[in-house]
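Peer 1: Provided herewith: final_24.txt, compact mmCIF, N, CA and C atoms.
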```txt
# COMPACT_ATOMS: atom_id res chain seq x y z
N TRP A 133 10.31 -42.48 28.92
CA TRP A 133 9.70 -43.75 29.20
C TRP A 133 9.97 -44.13 30.65
N PHE A 134 11.20 -43.99 31.09
CA PHE A 134 11.59 -44.39 32.43
C PHE A 134 10.82 -43.59 33.48
N VAL A 135 10.64 -42.30 33.24
CA VAL A 135 9.91 -41.46 34.20
C VAL A 135 8.46 -41.91 34.30
N ARG A 136 7.84 -42.22 33.16
CA ARG A 136 6.47 -42.71 33.20
C ARG A 136 6.38 -44.05 33.92
N PHE A 137 7.35 -44.92 33.69
CA PHE A 137 7.34 -46.22 34.36
C PHE A 137 7.46 -46.06 35.87
N MET A 138 8.34 -45.16 36.29
CA MET A 138 8.54 -44.97 37.73
C MET A 138 7.35 -44.26 38.38
N SER A 139 6.50 -43.60 37.59
CA SER A 139 5.36 -42.89 38.18
C SER A 139 4.24 -43.83 38.61
N PHE A 140 4.26 -45.07 38.13
CA PHE A 140 3.24 -46.04 38.56
C PHE A 140 3.56 -46.51 39.97
N LYS A 141 2.56 -46.45 40.83
CA LYS A 141 2.77 -46.91 42.20
C LYS A 141 3.03 -48.41 42.20
N ARG A 142 2.16 -49.15 41.51
CA ARG A 142 2.41 -50.58 41.30
C ARG A 142 2.84 -50.73 39.85
N LYS A 143 4.00 -51.24 39.64
CA LYS A 143 4.60 -51.29 38.30
C LYS A 143 3.79 -52.14 37.33
N ARG A 144 3.03 -53.09 37.84
CA ARG A 144 2.18 -53.92 36.97
C ARG A 144 1.05 -53.11 36.35
N ASP A 145 0.70 -51.98 36.97
CA ASP A 145 -0.35 -51.14 36.40
C ASP A 145 0.07 -50.54 35.06
N GLY A 146 1.35 -50.52 34.79
CA GLY A 146 1.83 -50.04 33.50
C GLY A 146 1.36 -50.91 32.36
N LEU A 147 1.12 -52.19 32.63
CA LEU A 147 0.63 -53.09 31.59
C LEU A 147 -0.84 -52.84 31.25
N ARG A 148 -1.56 -52.16 32.14
CA ARG A 148 -2.97 -51.87 31.89
C ARG A 148 -3.16 -50.58 31.09
N ASP A 149 -2.16 -49.73 31.10
CA ASP A 149 -2.23 -48.48 30.35
C ASP A 149 -1.83 -48.75 28.90
N ALA A 150 -2.79 -48.64 27.99
CA ALA A 150 -2.55 -49.00 26.60
C ALA A 150 -1.49 -48.11 25.96
N TRP A 151 -1.50 -46.81 26.26
CA TRP A 151 -0.49 -45.93 25.67
C TRP A 151 0.90 -46.25 26.17
N PHE A 152 1.00 -46.63 27.44
CA PHE A 152 2.31 -46.99 27.98
C PHE A 152 2.82 -48.28 27.33
N VAL A 153 1.94 -49.23 27.10
CA VAL A 153 2.34 -50.47 26.42
C VAL A 153 2.78 -50.16 24.99
N PHE A 154 2.05 -49.29 24.32
CA PHE A 154 2.42 -48.89 22.97
C PHE A 154 3.78 -48.19 22.95
N ASP A 155 3.99 -47.27 23.89
CA ASP A 155 5.29 -46.59 23.99
C ASP A 155 6.40 -47.59 24.30
N THR A 156 6.11 -48.58 25.12
CA THR A 156 7.11 -49.60 25.44
C THR A 156 7.50 -50.39 24.19
N CYS A 157 6.50 -50.71 23.38
CA CYS A 157 6.81 -51.41 22.12
C CYS A 157 7.68 -50.55 21.22
N LEU A 158 7.37 -49.26 21.11
CA LEU A 158 8.16 -48.37 20.28
C LEU A 158 9.59 -48.25 20.79
N VAL A 159 9.75 -48.11 22.10
CA VAL A 159 11.09 -48.00 22.68
C VAL A 159 11.86 -49.29 22.47
N THR A 160 11.20 -50.42 22.63
CA THR A 160 11.86 -51.71 22.43
C THR A 160 12.32 -51.86 20.99
N LEU A 161 11.47 -51.49 20.03
CA LEU A 161 11.86 -51.56 18.63
C LEU A 161 13.03 -50.63 18.33
N MET A 162 13.00 -49.44 18.94
CA MET A 162 14.09 -48.50 18.71
C MET A 162 15.41 -49.04 19.25
N VAL A 163 15.37 -49.60 20.46
CA VAL A 163 16.59 -50.14 21.06
C VAL A 163 17.10 -51.33 20.25
N LEU A 164 16.21 -52.19 19.83
CA LEU A 164 16.62 -53.33 19.02
C LEU A 164 17.24 -52.88 17.70
N GLU A 165 16.59 -51.94 17.05
CA GLU A 165 17.07 -51.48 15.76
C GLU A 165 18.38 -50.71 15.88
N THR A 166 18.46 -49.84 16.85
CA THR A 166 19.61 -48.96 16.94
C THR A 166 20.83 -49.64 17.53
N TRP A 167 20.66 -50.31 18.65
CA TRP A 167 21.82 -50.84 19.37
C TRP A 167 22.09 -52.30 19.04
N PHE A 168 21.06 -53.11 19.16
CA PHE A 168 21.25 -54.55 19.05
C PHE A 168 21.60 -54.96 17.62
N MET A 169 20.81 -54.49 16.64
CA MET A 169 21.06 -54.87 15.25
C MET A 169 22.38 -54.31 14.74
N THR A 170 22.71 -53.09 15.16
CA THR A 170 23.98 -52.50 14.74
C THR A 170 25.14 -53.29 15.31
N THR A 171 25.04 -53.70 16.56
CA THR A 171 26.10 -54.50 17.17
C THR A 171 26.25 -55.83 16.45
N ILE A 172 25.15 -56.47 16.13
CA ILE A 172 25.23 -57.75 15.42
C ILE A 172 25.84 -57.57 14.04
N MET A 173 25.46 -56.50 13.34
CA MET A 173 26.01 -56.26 12.01
C MET A 173 27.51 -55.98 12.07
N ILE A 174 27.94 -55.26 13.08
CA ILE A 174 29.37 -54.99 13.22
C ILE A 174 30.12 -56.26 13.56
N MET A 175 29.57 -57.07 14.46
CA MET A 175 30.23 -58.31 14.85
C MET A 175 30.25 -59.31 13.69
N ALA A 176 29.24 -59.27 12.84
CA ALA A 176 29.20 -60.19 11.70
C ALA A 176 30.16 -59.74 10.60
N GLY A 177 30.66 -58.52 10.73
CA GLY A 177 31.62 -58.03 9.75
C GLY A 177 30.98 -57.56 8.47
N SER A 178 29.69 -57.40 8.49
CA SER A 178 29.03 -56.95 7.27
C SER A 178 29.00 -55.44 7.28
N GLY A 179 29.06 -54.88 6.10
CA GLY A 179 29.05 -53.44 5.97
C GLY A 179 27.64 -52.91 6.02
N GLU A 180 27.44 -51.86 5.29
CA GLU A 180 26.14 -51.21 5.23
C GLU A 180 25.11 -52.14 4.61
N GLY A 181 24.13 -52.58 5.39
CA GLY A 181 23.06 -53.42 4.86
C GLY A 181 23.53 -54.80 4.46
N GLY A 182 24.52 -55.35 5.13
CA GLY A 182 25.11 -56.61 4.71
C GLY A 182 24.31 -57.82 5.09
N GLY A 183 24.59 -58.46 6.22
CA GLY A 183 24.07 -59.76 6.60
C GLY A 183 22.56 -59.85 6.69
N PHE A 184 21.87 -58.75 6.96
CA PHE A 184 20.43 -58.78 7.12
C PHE A 184 19.72 -58.15 5.93
N GLY A 185 20.33 -58.19 4.77
CA GLY A 185 19.74 -57.52 3.62
C GLY A 185 19.84 -56.03 3.82
N ASP A 186 18.84 -55.31 3.38
CA ASP A 186 18.89 -53.87 3.59
C ASP A 186 18.10 -53.45 4.82
N ALA A 187 17.59 -54.39 5.57
CA ALA A 187 16.87 -54.15 6.82
C ALA A 187 15.71 -53.18 6.62
N SER A 188 15.05 -53.26 5.48
CA SER A 188 13.96 -52.33 5.20
C SER A 188 12.74 -52.61 6.06
N ILE A 189 12.60 -53.83 6.54
CA ILE A 189 11.47 -54.14 7.43
C ILE A 189 11.61 -53.37 8.73
N LEU A 190 12.84 -53.24 9.20
CA LEU A 190 13.06 -52.47 10.42
C LEU A 190 12.79 -50.99 10.18
N ARG A 191 13.09 -50.53 8.99
CA ARG A 191 12.79 -49.13 8.68
C ARG A 191 11.28 -48.90 8.64
N MET A 192 10.54 -49.90 8.24
CA MET A 192 9.09 -49.77 8.23
C MET A 192 8.55 -49.64 9.66
N ALA A 193 9.24 -50.25 10.61
CA ALA A 193 8.82 -50.16 12.01
C ALA A 193 8.93 -48.73 12.52
N ARG A 194 9.79 -47.95 11.89
CA ARG A 194 9.91 -46.55 12.30
C ARG A 194 8.63 -45.79 12.05
N LEU A 195 7.85 -46.24 11.09
CA LEU A 195 6.59 -45.57 10.80
C LEU A 195 5.62 -45.66 11.97
N LEU A 196 5.80 -46.67 12.80
CA LEU A 196 4.93 -46.78 13.97
C LEU A 196 5.11 -45.59 14.90
N ARG A 197 6.30 -45.03 14.88
CA ARG A 197 6.55 -43.88 15.76
C ARG A 197 5.70 -42.69 15.36
N LEU A 198 5.31 -42.64 14.10
CA LEU A 198 4.49 -41.52 13.65
C LEU A 198 3.11 -41.53 14.30
N SER A 199 2.70 -42.68 14.80
CA SER A 199 1.38 -42.73 15.43
C SER A 199 1.35 -41.95 16.73
N ARG A 200 2.51 -41.57 17.24
CA ARG A 200 2.52 -40.70 18.42
C ARG A 200 1.90 -39.35 18.11
N MET A 201 1.93 -38.97 16.84
CA MET A 201 1.35 -37.69 16.45
C MET A 201 -0.15 -37.67 16.70
N ALA A 202 -0.77 -38.82 16.66
CA ALA A 202 -2.21 -38.89 16.94
C ALA A 202 -2.48 -38.47 18.38
N ARG A 203 -1.58 -38.80 19.26
CA ARG A 203 -1.74 -38.38 20.66
C ARG A 203 -1.66 -36.87 20.76
N MET A 204 -0.76 -36.24 19.98
CA MET A 204 -0.63 -34.79 20.03
C MET A 204 -1.89 -34.12 19.50
N ALA A 205 -2.49 -34.67 18.45
CA ALA A 205 -3.72 -34.11 17.91
C ALA A 205 -4.84 -34.18 18.94
N ARG A 206 -4.90 -35.27 19.67
CA ARG A 206 -5.90 -35.40 20.71
C ARG A 206 -5.67 -34.39 21.83
N LEU A 207 -4.40 -34.14 22.14
CA LEU A 207 -4.06 -33.17 23.17
C LEU A 207 -4.44 -31.76 22.73
N PHE A 208 -4.23 -31.44 21.45
CA PHE A 208 -4.59 -30.12 20.95
C PHE A 208 -6.09 -29.90 20.96
N ARG A 209 -6.86 -30.97 20.70
CA ARG A 209 -8.31 -30.84 20.75
C ARG A 209 -8.79 -30.61 22.17
N ALA A 210 -8.11 -31.22 23.13
CA ALA A 210 -8.53 -31.09 24.52
C ALA A 210 -8.11 -29.74 25.11
N MET A 211 -6.98 -29.19 24.64
CA MET A 211 -6.49 -27.93 25.19
C MET A 211 -6.19 -26.96 24.04
N PRO A 212 -7.16 -26.19 23.59
CA PRO A 212 -6.93 -25.28 22.47
C PRO A 212 -5.95 -24.16 22.81
N GLU A 213 -5.76 -23.86 24.10
CA GLU A 213 -4.80 -22.84 24.49
C GLU A 213 -3.39 -23.24 24.09
N LEU A 214 -3.12 -24.53 24.15
CA LEU A 214 -1.81 -25.03 23.76
C LEU A 214 -1.57 -24.79 22.27
N LEU A 215 -2.59 -24.96 21.48
CA LEU A 215 -2.47 -24.71 20.04
C LEU A 215 -2.23 -23.23 19.77
N ILE A 216 -2.87 -22.36 20.54
CA ILE A 216 -2.65 -20.91 20.38
C ILE A 216 -1.20 -20.56 20.71
N LEU A 217 -0.67 -21.16 21.78
CA LEU A 217 0.73 -20.92 22.15
C LEU A 217 1.69 -21.39 21.06
N ILE A 218 1.42 -22.54 20.48
CA ILE A 218 2.30 -23.08 19.45
C ILE A 218 2.22 -22.22 18.19
N LYS A 219 1.03 -21.77 17.83
CA LYS A 219 0.90 -20.88 16.67
C LYS A 219 1.66 -19.59 16.89
N GLY A 220 1.64 -19.06 18.11
CA GLY A 220 2.40 -17.86 18.43
C GLY A 220 3.90 -18.09 18.32
N MET A 221 4.36 -19.26 18.78
CA MET A 221 5.78 -19.57 18.68
C MET A 221 6.21 -19.71 17.23
N VAL A 222 5.37 -20.30 16.39
CA VAL A 222 5.70 -20.45 14.97
C VAL A 222 5.76 -19.08 14.31
N ALA A 223 4.83 -18.19 14.67
CA ALA A 223 4.85 -16.84 14.10
C ALA A 223 6.10 -16.09 14.57
N ALA A 224 6.53 -16.31 15.80
CA ALA A 224 7.72 -15.64 16.31
C ALA A 224 8.99 -16.20 15.69
N MET A 225 8.96 -17.48 15.29
CA MET A 225 10.16 -18.09 14.69
C MET A 225 10.55 -17.37 13.40
N ARG A 226 9.59 -16.88 12.66
CA ARG A 226 9.90 -16.18 11.41
C ARG A 226 10.71 -14.93 11.70
N SER A 227 10.27 -14.12 12.66
CA SER A 227 10.99 -12.90 12.97
C SER A 227 12.36 -13.20 13.58
N VAL A 228 12.46 -14.25 14.39
CA VAL A 228 13.75 -14.63 14.96
C VAL A 228 14.70 -15.09 13.85
N PHE A 229 14.18 -15.84 12.87
CA PHE A 229 15.01 -16.30 11.75
C PHE A 229 15.58 -15.11 10.97
N PHE A 230 14.75 -14.13 10.66
CA PHE A 230 15.22 -12.99 9.89
C PHE A 230 16.16 -12.11 10.72
N THR A 231 15.95 -12.06 12.02
CA THR A 231 16.89 -11.34 12.88
C THR A 231 18.25 -12.02 12.86
N LEU A 232 18.28 -13.34 12.92
CA LEU A 232 19.56 -14.06 12.85
C LEU A 232 20.22 -13.87 11.49
N CYS A 233 19.42 -13.84 10.42
CA CYS A 233 19.99 -13.58 9.09
C CYS A 233 20.61 -12.19 9.04
N LEU A 234 19.92 -11.19 9.60
CA LEU A 234 20.45 -9.83 9.63
C LEU A 234 21.75 -9.76 10.43
N LEU A 235 21.79 -10.45 11.57
CA LEU A 235 23.01 -10.47 12.37
C LEU A 235 24.16 -11.14 11.62
N ALA A 236 23.87 -12.21 10.88
CA ALA A 236 24.91 -12.88 10.10
C ALA A 236 25.43 -11.96 8.99
N ILE A 237 24.54 -11.21 8.35
CA ILE A 237 24.97 -10.28 7.31
C ILE A 237 25.84 -9.17 7.89
N VAL A 238 25.42 -8.62 9.02
CA VAL A 238 26.21 -7.57 9.66
C VAL A 238 27.57 -8.10 10.08
N THR A 239 27.62 -9.31 10.65
CA THR A 239 28.89 -9.91 11.04
C THR A 239 29.76 -10.15 9.80
N TYR A 240 29.17 -10.57 8.70
CA TYR A 240 29.90 -10.80 7.46
C TYR A 240 30.50 -9.50 6.93
N VAL A 241 29.69 -8.43 6.93
CA VAL A 241 30.17 -7.14 6.43
C VAL A 241 31.32 -6.63 7.30
N PHE A 242 31.17 -6.70 8.61
CA PHE A 242 32.24 -6.24 9.48
C PHE A 242 33.45 -7.17 9.42
N GLY A 243 33.24 -8.44 9.14
CA GLY A 243 34.36 -9.36 8.94
C GLY A 243 35.19 -8.96 7.74
N ILE A 244 34.51 -8.60 6.64
CA ILE A 244 35.22 -8.13 5.45
C ILE A 244 35.97 -6.84 5.75
N ALA A 245 35.30 -5.93 6.47
CA ALA A 245 35.94 -4.65 6.80
C ALA A 245 37.18 -4.87 7.66
N PHE A 246 37.12 -5.71 8.65
CA PHE A 246 38.26 -5.95 9.53
C PHE A 246 39.40 -6.65 8.79
N VAL A 247 39.08 -7.55 7.86
CA VAL A 247 40.13 -8.20 7.07
C VAL A 247 40.83 -7.17 6.20
N GLN A 248 40.06 -6.25 5.60
CA GLN A 248 40.66 -5.23 4.74
C GLN A 248 41.46 -4.21 5.54
N LEU A 249 40.96 -3.81 6.72
CA LEU A 249 41.62 -2.77 7.49
C LEU A 249 42.77 -3.28 8.36
N ILE A 250 42.56 -4.41 9.03
CA ILE A 250 43.56 -4.90 9.99
C ILE A 250 44.35 -6.05 9.39
N GLY A 251 43.67 -6.97 8.74
CA GLY A 251 44.35 -8.11 8.12
C GLY A 251 45.02 -9.00 9.15
N SER A 252 46.27 -9.35 8.89
CA SER A 252 46.97 -10.26 9.81
C SER A 252 47.99 -9.52 10.67
N ARG A 253 47.77 -8.21 10.91
CA ARG A 253 48.69 -7.47 11.77
C ARG A 253 48.48 -7.78 13.24
N VAL A 254 47.24 -8.08 13.65
CA VAL A 254 46.95 -8.41 15.05
C VAL A 254 46.92 -9.93 15.16
N ARG A 255 47.76 -10.47 16.05
CA ARG A 255 47.89 -11.92 16.16
C ARG A 255 47.58 -12.40 17.58
N LYS A 256 47.15 -13.65 17.66
CA LYS A 256 46.91 -14.30 18.96
C LYS A 256 48.24 -14.76 19.53
N ASP A 257 48.19 -15.36 20.73
CA ASP A 257 49.41 -15.86 21.37
C ASP A 257 50.06 -16.97 20.57
N ASP A 258 49.27 -17.79 19.89
CA ASP A 258 49.85 -18.90 19.14
C ASP A 258 50.29 -18.49 17.73
N GLY A 259 50.20 -17.21 17.38
CA GLY A 259 50.71 -16.72 16.11
C GLY A 259 49.69 -16.63 15.00
N THR A 260 48.47 -17.16 15.20
CA THR A 260 47.45 -17.06 14.16
C THR A 260 46.80 -15.68 14.21
N ALA A 261 46.38 -15.20 13.05
CA ALA A 261 45.80 -13.86 12.96
C ALA A 261 44.35 -13.88 13.41
N TYR A 262 43.96 -12.83 14.12
CA TYR A 262 42.56 -12.68 14.50
C TYR A 262 41.68 -12.44 13.28
N PHE A 263 42.19 -11.66 12.34
CA PHE A 263 41.40 -11.25 11.18
C PHE A 263 42.10 -11.62 9.88
N GLY A 264 42.66 -12.82 9.80
CA GLY A 264 43.38 -13.25 8.61
C GLY A 264 42.47 -13.50 7.43
N THR A 265 41.38 -14.21 7.65
CA THR A 265 40.39 -14.48 6.59
C THR A 265 39.04 -13.98 7.06
N VAL A 266 38.08 -13.96 6.15
CA VAL A 266 36.74 -13.49 6.52
C VAL A 266 36.11 -14.44 7.53
N ALA A 267 36.29 -15.75 7.34
CA ALA A 267 35.72 -16.72 8.29
C ALA A 267 36.34 -16.55 9.68
N THR A 268 37.65 -16.35 9.73
CA THR A 268 38.32 -16.14 11.02
C THR A 268 37.87 -14.83 11.65
N ALA A 269 37.70 -13.81 10.84
CA ALA A 269 37.24 -12.52 11.35
C ALA A 269 35.83 -12.64 11.91
N MET A 270 34.95 -13.35 11.20
CA MET A 270 33.59 -13.53 11.70
C MET A 270 33.60 -14.32 13.00
N HIS A 271 34.45 -15.34 13.07
CA HIS A 271 34.58 -16.13 14.31
C HIS A 271 35.07 -15.26 15.45
N THR A 272 36.08 -14.43 15.18
CA THR A 272 36.61 -13.54 16.21
C THR A 272 35.55 -12.54 16.65
N LEU A 273 34.84 -11.95 15.71
CA LEU A 273 33.80 -10.97 16.07
C LEU A 273 32.68 -11.61 16.86
N LEU A 274 32.33 -12.84 16.51
CA LEU A 274 31.22 -13.49 17.20
C LEU A 274 31.60 -13.92 18.60
N LEU A 275 32.77 -14.55 18.73
CA LEU A 275 33.13 -15.12 20.04
C LEU A 275 33.89 -14.13 20.93
N ASP A 276 34.84 -13.42 20.37
CA ASP A 276 35.65 -12.52 21.20
C ASP A 276 35.07 -11.13 21.28
N GLY A 277 34.19 -10.79 20.35
CA GLY A 277 33.63 -9.45 20.33
C GLY A 277 32.39 -9.29 21.20
N THR A 278 31.85 -10.38 21.68
CA THR A 278 30.64 -10.27 22.50
C THR A 278 30.95 -10.42 23.96
```
As structure tokens - that is how I would like this structure written.

Peer 2:
Amino acid sequence: WFVRFMSFKRKRDGLRDAWFVFDTCLVTLMVLETWFMTTIMIMAGSGEGGGFGDASILRMARLLRLSRMARMARLFRAMPELLILIKGMVAAMRSVFFTLCLLAIVTYVFGIAFVQLIGSRVRKDDGTAYFGTVATAMHTLLLDGT
């Protein structure tokens, strides 16, 4: 928001841009809900949902943020290349996810092997074992083994 505001040569021109005014309203609601209302609730000594009821009206204001998605749909219609790039990234996320799963399985298997073979014979300077448990072995293999 701040970067967009500073991009206006005359700051009053920001009031003429409907999307900027809409974004300003959303940011103002977010700041009020997140910082101001939380501070008042803490100062009032009320717990979760205390002095202001359950504040469900403020939660309904969060739905206004979803209208930003309409801007993205308009952007995708104007630039179909962007949609092609995003579809490619989504397709690549699947293979990256399964690669990470495979790496986690391999690290788990080697963690078990190191716990069985080495156990707590190899220790750090503070006396804790590098391969005392499977979780510690996986941590050691991931951080110290790379």

Peer 1: Write down as a ChimeraX atom specification the residues belonging to range 192-267 of chain A that are assigned helix (DSSP H, G or I) by DSSP computed on the backbone.

Peer 2: /A:192-210,212-249,266-267

Peer 1: State, in Å with one decimal place, the distance from CA of Ile216 in chain A to CA of Thr231 in chain A.

Peer 2: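 Calculated distance between CA of Ile216 in chain A and CA of Thr231 in chain A is 23.0 Å.
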
Peer 1: Kindly indicate which residue among A:Met225, A:Ala261, A:Ile218, A:Leu275 lies nearest to Thr239 in chain A, using only C-alpha atoms for the distances.

Peer 2: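 Residue with the minimum atom-to-atom distance to Thr239 in chain A: A:Leu275.
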
Peer 1: Hey, which of A:Val153, A:Ile244, A:Leu249, A:Leu207 ends up closest to Thr268 in chain A? Count only C-alpha atoms.

Peer 2: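 Smallest distance to Thr268 in chain A is found for A:Ile244.
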
Peer 1: What does the distance from CA of Met211 in chain A to atom N of Ser139 in chain A come to in Å, to one decimal?

Peer 2: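 For CA of Met211 in chain A relative to atom N of Ser139 in chain A, the distance reads 23.8 Å.
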
Peer 1: Could you state the separation of CA of Gln248 in chain A and atom C of Ala269 in chain A in Å, given to one decimal place?

Peer 2: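 According to the coordinates, CA of Gln248 in chain A and atom C of Ala269 in chain A are separated by 11.4 Å.
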
Peer 1: Just add all heavy atoms to range 224-233 of chain A and send it as a PDB file, in the coordinates of the input.

Peer 2:
```
ATOM      1  N   ALA A 224       6.530 -16.310  15.800  1.00  0.00           N
ATOM      2  CA  ALA A 224       7.720 -15.640  16.310  1.00  0.00           C
ATOM      3  C   ALA A 224       8.990 -16.200  15.690  1.00  0.00           C
ATOM      4  O   ALA A 224       9.992 -15.495  15.568  1.00  0.00           O
ATOM      5  CB  ALA A 224       7.772 -15.770  17.833  1.00  0.00           C
ATOM      6  N   MET A 225       8.960 -17.480  15.290  1.00  0.00           N
ATOM      7  CA  MET A 225      10.160 -18.090  14.690  1.00  0.00           C
ATOM      8  C   MET A 225      10.550 -17.370  13.400  1.00  0.00           C
ATOM      9  O   MET A 225      11.734 -17.253  13.100  1.00  0.00           O
ATOM     10  CB  MET A 225       9.931 -19.573  14.401  1.00  0.00           C
ATOM     11  CG  MET A 225      10.175 -20.460  15.581  1.00  0.00           C
ATOM     12  SD  MET A 225      10.369 -22.196  15.171  1.00  0.00           S
ATOM     13  CE  MET A 225       8.991 -22.549  14.154  1.00  0.00           C
ATOM     14  N   ARG A 226       9.590 -16.880  12.660  1.00  0.00           N
ATOM     15  CA  ARG A 226       9.900 -16.180  11.410  1.00  0.00           C
ATOM     16  C   ARG A 226      10.710 -14.930  11.700  1.00  0.00           C
ATOM     17  O   ARG A 226      11.726 -14.675  11.057  1.00  0.00           O
ATOM     18  CB  ARG A 226       8.605 -15.853  10.683  1.00  0.00           C
ATOM     19  CG  ARG A 226       8.835 -15.178   9.365  1.00  0.00           C
ATOM     20  CD  ARG A 226       7.525 -15.031   8.594  1.00  0.00           C
ATOM     21  NE  ARG A 226       7.792 -14.453   7.291  1.00  0.00           N
ATOM     22  CZ  ARG A 226       7.232 -13.349   6.848  1.00  0.00           C
ATOM     23  NH1 ARG A 226       6.346 -12.730   7.602  1.00  0.00           N
ATOM     24  NH2 ARG A 226       7.530 -12.886   5.670  1.00  0.00           N
ATOM     25  N   SER A 227      10.270 -14.120  12.660  1.00  0.00           N
ATOM     26  CA  SER A 227      10.990 -12.900  12.970  1.00  0.00           C
ATOM     27  C   SER A 227      12.360 -13.200  13.580  1.00  0.00           C
ATOM     28  O   SER A 227      13.341 -12.509  13.304  1.00  0.00           O
ATOM     29  CB  SER A 227      10.180 -11.997  13.895  1.00  0.00           C
ATOM     30  OG  SER A 227       9.954 -12.643  15.124  1.00  0.00           O
ATOM     31  N   VAL A 228      12.460 -14.250  14.390  1.00  0.00           N
ATOM     32  CA  VAL A 228      13.750 -14.630  14.960  1.00  0.00           C
ATOM     33  C   VAL A 228      14.700 -15.090  13.850  1.00  0.00           C
ATOM     34  O   VAL A 228      15.885 -14.751  13.856  1.00  0.00           O
ATOM     35  CB  VAL A 228      13.566 -15.733  16.024  1.00  0.00           C
ATOM     36  CG1 VAL A 228      14.893 -16.333  16.442  1.00  0.00           C
ATOM     37  CG2 VAL A 228      12.844 -15.170  17.230  1.00  0.00           C
ATOM     38  N   PHE A 229      14.180 -15.840  12.870  1.00  0.00           N
ATOM     39  CA  PHE A 229      15.010 -16.300  11.750  1.00  0.00           C
ATOM     40  C   PHE A 229      15.580 -15.110  10.970  1.00  0.00           C
ATOM     41  O   PHE A 229      16.769 -15.072  10.662  1.00  0.00           O
ATOM     42  CB  PHE A 229      14.193 -17.201  10.831  1.00  0.00           C
ATOM     43  CG  PHE A 229      14.888 -17.534   9.549  1.00  0.00           C
ATOM     44  CD1 PHE A 229      15.950 -18.430   9.533  1.00  0.00           C
ATOM     45  CD2 PHE A 229      14.502 -16.934   8.356  1.00  0.00           C
ATOM     46  CE1 PHE A 229      16.600 -18.743   8.346  1.00  0.00           C
ATOM     47  CE2 PHE A 229      15.151 -17.230   7.175  1.00  0.00           C
ATOM     48  CZ  PHE A 229      16.208 -18.142   7.170  1.00  0.00           C
ATOM     49  N   PHE A 230      14.750 -14.130  10.660  1.00  0.00           N
ATOM     50  CA  PHE A 230      15.220 -12.990   9.890  1.00  0.00           C
ATOM     51  C   PHE A 230      16.160 -12.110  10.720  1.00  0.00           C
ATOM     52  O   PHE A 230      17.080 -11.486  10.173  1.00  0.00           O
ATOM     53  CB  PHE A 230      14.053 -12.184   9.324  1.00  0.00           C
ATOM     54  CG  PHE A 230      13.402 -12.873   8.165  1.00  0.00           C
ATOM     55  CD1 PHE A 230      12.117 -13.357   8.254  1.00  0.00           C
ATOM     56  CD2 PHE A 230      14.104 -13.073   6.989  1.00  0.00           C
ATOM     57  CE1 PHE A 230      11.529 -14.006   7.185  1.00  0.00           C
ATOM     58  CE2 PHE A 230      13.526 -13.719   5.906  1.00  0.00           C
ATOM     59  CZ  PHE A 230      12.229 -14.191   6.006  1.00  0.00           C
ATOM     60  N   THR A 231      15.950 -12.060  12.020  1.00  0.00           N
ATOM     61  CA  THR A 231      16.890 -11.340  12.880  1.00  0.00           C
ATOM     62  C   THR A 231      18.250 -12.020  12.860  1.00  0.00           C
ATOM     63  O   THR A 231      19.294 -11.345  12.778  1.00  0.00           O
ATOM     64  CB  THR A 231      16.351 -11.259  14.316  1.00  0.00           C
ATOM     65  OG1 THR A 231      15.078 -10.615  14.307  1.00  0.00           O
ATOM     66  CG2 THR A 231      17.300 -10.491  15.215  1.00  0.00           C
ATOM     67  N   LEU A 232      18.280 -13.340  12.920  1.00  0.00           N
ATOM     68  CA  LEU A 232      19.560 -14.060  12.850  1.00  0.00           C
ATOM     69  C   LEU A 232      20.220 -13.870  11.490  1.00  0.00           C
ATOM     70  O   LEU A 232      21.453 -13.749  11.412  1.00  0.00           O
ATOM     71  CB  LEU A 232      19.338 -15.543  13.134  1.00  0.00           C
ATOM     72  CG  LEU A 232      19.080 -15.910  14.588  1.00  0.00           C
ATOM     73  CD1 LEU A 232      18.769 -17.393  14.714  1.00  0.00           C
ATOM     74  CD2 LEU A 232      20.262 -15.559  15.445  1.00  0.00           C
ATOM     75  N   CYS A 233      19.420 -13.840  10.420  1.00  0.00           N
ATOM     76  CA  CYS A 233      19.990 -13.580   9.090  1.00  0.00           C
ATOM     77  C   CYS A 233      20.610 -12.190   9.040  1.00  0.00           C
ATOM     78  O   CYS A 233      21.708 -12.005   8.493  1.00  0.00           O
ATOM     79  CB  CYS A 233      18.918 -13.710   8.014  1.00  0.00           C
ATOM     80  SG  CYS A 233      18.404 -15.403   7.719  1.00  0.00           S
TER      81      CYS A 233
END
```
